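Notes follow the structure.
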Amino acid sequence: MFSPFLYRQCPAGSVPYTIRPGDTLSRIAQEYGSTVQEIMNANPGIDPYSLRVGQQICVPIIVQLYPSCPTTNYYVVVVGDTIESIAEYFNITPQQLLYANYGIDPGDLYVDQVLCIPVAPSPVSVSVNIAERSLVVYREGNEFRRYNIAIENPSFPIPRGTFTVLNKQVNPGVEMGARWIGLSEAGFGIHGTNTPEFIDVVATGNTIIMSNRDVSELFNLVPVGTVVEVK
């Protein structure tokens, strides 16, 4: 079993990352909201064309100023997004979306741009099965997305019951990975991990843990008010 305490200590503003099969600096930069050049600057001597599986690096995270959003109902723009497509998914009008993000250029959205989404009835619901290690997103009663979650630690049992999404945070800190989705119980929520290899190892804490890649996608699918059933 791996121990997280053996991982490289990285300076403030960056997170540790262990190279996996198929990784490139470009893919890692995209996943963590960084750039290839920033990663190379943070890891002197690294050869981007000869990454080794198991190699440990530090990945800088670029700080972004978020729009004012009292509800914390954030959304992070991905490839192919438009004002119209985002508004349609969240059951709001393009005008409402523009009003909530004063000053943005509707014709020039960019990847990783953070938007504030006006709260409306959620288009989805979520079901989490701890024993099966699955998190399923339902849309219009049909399975829309399915994700793996980390193994529960019996010493820190995950709460069961019906909850709602209360708050959302982009880049909540090294210990919480890329995203935090807070639920309607103090301290309970869904978050990512900067060491995805530990997804298949007993997790610590009484939260629901996913890979950064999966939790980033889930973050965009579940607005504040989404019902989450955990069993």
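In the structure tokens, the first chain shown is A, the next is B, and so on; residue numbers restart at 1 for each chain, and ligands run from 1 in the order shown.
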
*Excluding same-chain residues fewer than 2 positions from A:Cys10, what lies within 6 Å of it counting only C-alpha atoms, as a list in words?*
Val15, Pro16 and Cys58 of chain A

Please dump the current selection as an mmCIF file, in the first residue's frame; keep N, CA and C atoms.
```
data_model
loop_
_atom_site.group_PDB
_atom_site.id
_atom_site.type_symbol
_atom_site.label_atom_id
_atom_site.label_comp_id
_atom_site.auth_asym_id
_atom_site.auth_seq_id
_atom_site.Cartn_x
_atom_site.Cartn_y
_atom_site.Cartn_z
ATOM 1 N N VAL A 15 0.867 21.773 -6.631
ATOM 2 C CA VAL A 15 0.443 20.521 -6.023
ATOM 3 C C VAL A 15 1.320 19.384 -6.529
ATOM 4 N N PRO A 16 1.504 18.326 -5.720
ATOM 5 C CA PRO A 16 2.311 17.185 -6.174
ATOM 6 C C PRO A 16 1.528 16.337 -7.166
ATOM 7 N N CYS A 58 5.921 18.777 -9.474
ATOM 8 C CA CYS A 58 5.044 19.780 -8.869
ATOM 9 C C CYS A 58 4.324 20.523 -9.998
#
```

*Might you pull out every residue within 12 Å of A:Tyr110, with only C-alpha atoms counted and same-chain residues fewer than 3 positions away left off, and present them as a PyMOL selection string?*
chain A and resi 76-83+104-107+113-115

*Tell me which protein, DNA and RNA residues are within 12 Å of A:Pro60, counting only C-alpha atoms, leaving out same-chain ones fewer than 5 positions away, and put them as a list in words.*
Cys10, Pro11, Ala12, Gly13, Ser14, Val15, Pro16, Tyr17, Leu25, Ile28, Ala29, Gln30, Glu31, Tyr32, Gly33, Ser34, Thr35, Val36, Gln37, Glu38, Ile39, Met40, Asn41, Ala42, Asn43, Asn171, Gly173 and Val174 of chain A

Atoms to include: C-alpha atoms. Write the selected residues as a CSV table (one decimal), in the first residue's frame.
```
chain,number,residue,atom,x,y,z
A,10,CYS,CA,5.7,21.2,-3.3
A,11,PRO,CA,5.9,24.9,-2.7
A,12,ALA,CA,2.8,27.0,-2.1
A,13,GLY,CA,0.8,27.6,-5.3
A,14,SER,CA,1.5,24.1,-6.6
A,15,VAL,CA,0.4,20.5,-6.0
A,16,PRO,CA,2.3,17.2,-6.2
A,17,TYR,CA,1.6,14.9,-9.1
A,25,LEU,CA,2.8,17.8,-19.7
A,28,ILE,CA,-1.5,17.5,-17.0
A,29,ALA,CA,-1.5,21.3,-17.5
A,30,GLN,CA,-5.0,21.2,-18.9
A,31,GLU,CA,-6.3,19.1,-16.0
A,32,TYR,CA,-4.9,21.4,-13.3
A,33,GLY,CA,-5.4,24.8,-15.0
A,34,SER,CA,-1.7,25.3,-15.5
A,35,THR,CA,0.6,25.6,-18.6
A,36,VAL,CA,3.4,23.4,-19.9
A,37,GLN,CA,5.9,26.3,-19.4
A,38,GLU,CA,4.8,26.8,-15.8
A,39,ILE,CA,5.3,23.1,-15.1
A,40,MET,CA,8.7,23.1,-16.6
A,41,ASN,CA,9.7,26.2,-14.6
A,42,ALA,CA,8.6,24.5,-11.4
A,43,ASN,CA,10.6,21.3,-12.3
A,171,ASN,CA,-9.3,24.8,-6.6
A,173,GLY,CA,-6.6,23.5,-1.9
A,174,VAL,CA,-4.1,20.7,-2.1
```

*Could you find all residues in stretch 22-156 of chain A that DSSP calls helix (DSSP H, G or I) from the backbone, and write them as a list in words?*
Leu25, Ser26, Arg27, Ile28, Ala29, Gln30, Glu31, Tyr32, Val36, Gln37, Glu38, Ile39, Met40, Asn41, Ala42, Ile83, Glu84, Ser85, Ile86, Ala87, Glu88, Tyr89, Pro94, Gln95, Gln96, Leu97, Leu98, Tyr99 and Ala100 of chain A

*Using only C-alpha atoms, which residue out of A:Ser68, A:Asn73, A:Asn206, A:Thr93 lies closest to A:Val165?*
A:Asn73

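We find atom CA of A:Met210 and atom CA of A:Val111 to be spaced 21.7 Å apart.
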
*asked:* Report, in Å to a single decimal, how far apart atom CA of A:Ile181 and atom CA of A:Asn167 are.
replied: 6.1 Å

*A:Asn91: which residues within 12 Å, counting only C-alpha atoms, same-chain residues fewer than 3 positions away excluded, as an MDAnalysis selection string?*
chainID A and resid 84:88 94:97 117:124 223

*as a ChimeraX atom specification, list the residues of stretch 13-160 of chain A assigned to strand (DSSP E) by DSSP on the backbone atoms of this structure.*
/A:14-18,56-60,74-76,114-116,124-129,134-139,142-148

For the residues selected in the previous step, produce a file with C-alpha atoms as a tab-separated table (two decimals), in the first residue's frame.
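Just written: part.tsv:
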```
chain	number	residue	atom	x	y	z
A	14	SER	CA	1.52	24.10	-6.64
A	15	VAL	CA	0.44	20.52	-6.02
A	16	PRO	CA	2.31	17.19	-6.17
A	17	TYR	CA	1.60	14.86	-9.09
A	18	THR	CA	2.84	11.37	-9.97
A	56	GLN	CA	6.98	12.96	-9.07
A	57	ILE	CA	6.59	16.55	-10.18
A	58	CYS	CA	5.04	19.78	-8.87
A	59	VAL	CA	2.21	21.33	-10.87
A	60	PRO	CA	1.61	25.10	-10.41
A	74	TYR	CA	-19.80	28.24	-10.27
A	75	TYR	CA	-19.20	26.67	-13.68
A	76	VAL	CA	-15.85	26.22	-15.47
A	114	VAL	CA	-15.15	30.63	-14.33
A	115	LEU	CA	-18.79	31.72	-14.61
A	116	CYS	CA	-21.51	32.31	-12.04
A	124	VAL	CA	-30.04	16.41	-12.78
A	125	SER	CA	-30.04	14.30	-9.62
A	126	VAL	CA	-27.22	12.20	-8.16
A	127	SER	CA	-27.13	8.75	-6.59
A	128	VAL	CA	-24.05	7.53	-4.69
A	129	ASN	CA	-23.59	3.86	-3.80
A	134	SER	CA	-20.23	4.46	-7.85
A	135	LEU	CA	-21.65	7.93	-8.36
A	136	VAL	CA	-24.36	8.20	-11.01
A	137	VAL	CA	-25.83	11.39	-12.46
A	138	TYR	CA	-29.42	11.10	-13.73
A	139	ARG	CA	-31.01	13.45	-16.23
A	142	ASN	CA	-32.03	8.32	-17.30
A	143	GLU	CA	-28.41	7.58	-16.42
A	144	PHE	CA	-26.34	10.47	-17.79
A	145	ARG	CA	-22.87	9.94	-16.29
A	146	ARG	CA	-21.27	7.28	-14.07
A	147	TYR	CA	-18.06	7.72	-12.04
A	148	ASN	CA	-15.89	5.70	-9.66
```

*Within 12 Å of A:Ile158 using only C-alpha atoms, minus same-chain residues under 4 positions, as a list in words*: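 Residues near the query, excluding close chain neighbours: Val128, Asn129, Ile130, Ala131, Arg133, Ile149, Ala150, Ile151, Glu152, Asn153, Pro154, Glu185, Gly187, Phe188, Gly189, Ile190, Ala203, Thr204, Gly205, Asn206, Thr207, Ile208, Ile209, Val230 and Lys231 of chain A.
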
_Calculated over only C-alpha atoms, which of the candidates A:Leu218, A:Val201, A:Val53, A:Leu183 has the smallest distance to A:Thr162?_
A:Leu183

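Note that the spacing between atom CA of A:Tyr49 and atom CA of A:Gly22 amounts to 11.6 Å.
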
*Would you list the contacts of A:Gly177 as a PyMOL selection string, taking every protein, DNA or RNA residue within 8 Å and counting only C-alpha atoms, but skipping same-chain residues closer than 3 positions in sequence?*
chain A and resi 171-174+180+191-194+212
